[in-house]
Amino acid sequence: NEVWIDDDLNPEDIKFVMLHEVYERRLMSKGMDYDSAHKKASHIEYSCRHNRKKIDVELKKEIARQKVF
């Protein structure tokens, strides 16, 4: 129930990487294979990087979707 991110990231990238990782983790917890989950997570990350106003909303939504065991 953890997501680890590199401590060497540029602070401006943290939210985008975090979104990618929690999104990918949720998809894989539902049975999706890594490659498919990674592709979908990369898509949402890319979308938010190109519309930076979306990142806070998308990250909050995705964190709320996470199941805590």
# chains A, B, ... in the order shown; residues from 1 in each chain; ligands from 1
>>> residues_around(residues="Lys53 of chain A", least_positions_apart="6", cutoff="12 Å", atoms="only C-alpha atoms", output="JSON, numbers by chain")
{"A": [15, 16, 47, 59]}
>>> residues_around(residues="segment 24-27 of chain A", least_positions_apart="4", cutoff="12 Å", atoms="only C-alpha atoms", output="ChimeraX atom specification")
/A:1-4,17-20,31-45,62-68
>>> atom_distance(atom1="atom CA of Lys61 of chain A", atom2="atom CA of Tyr23 of chain A")
9.9 Å
>>> select_by_dssp(residues="chain A", states="helix (DSSP H, G or I)", output="count of residues only")
49
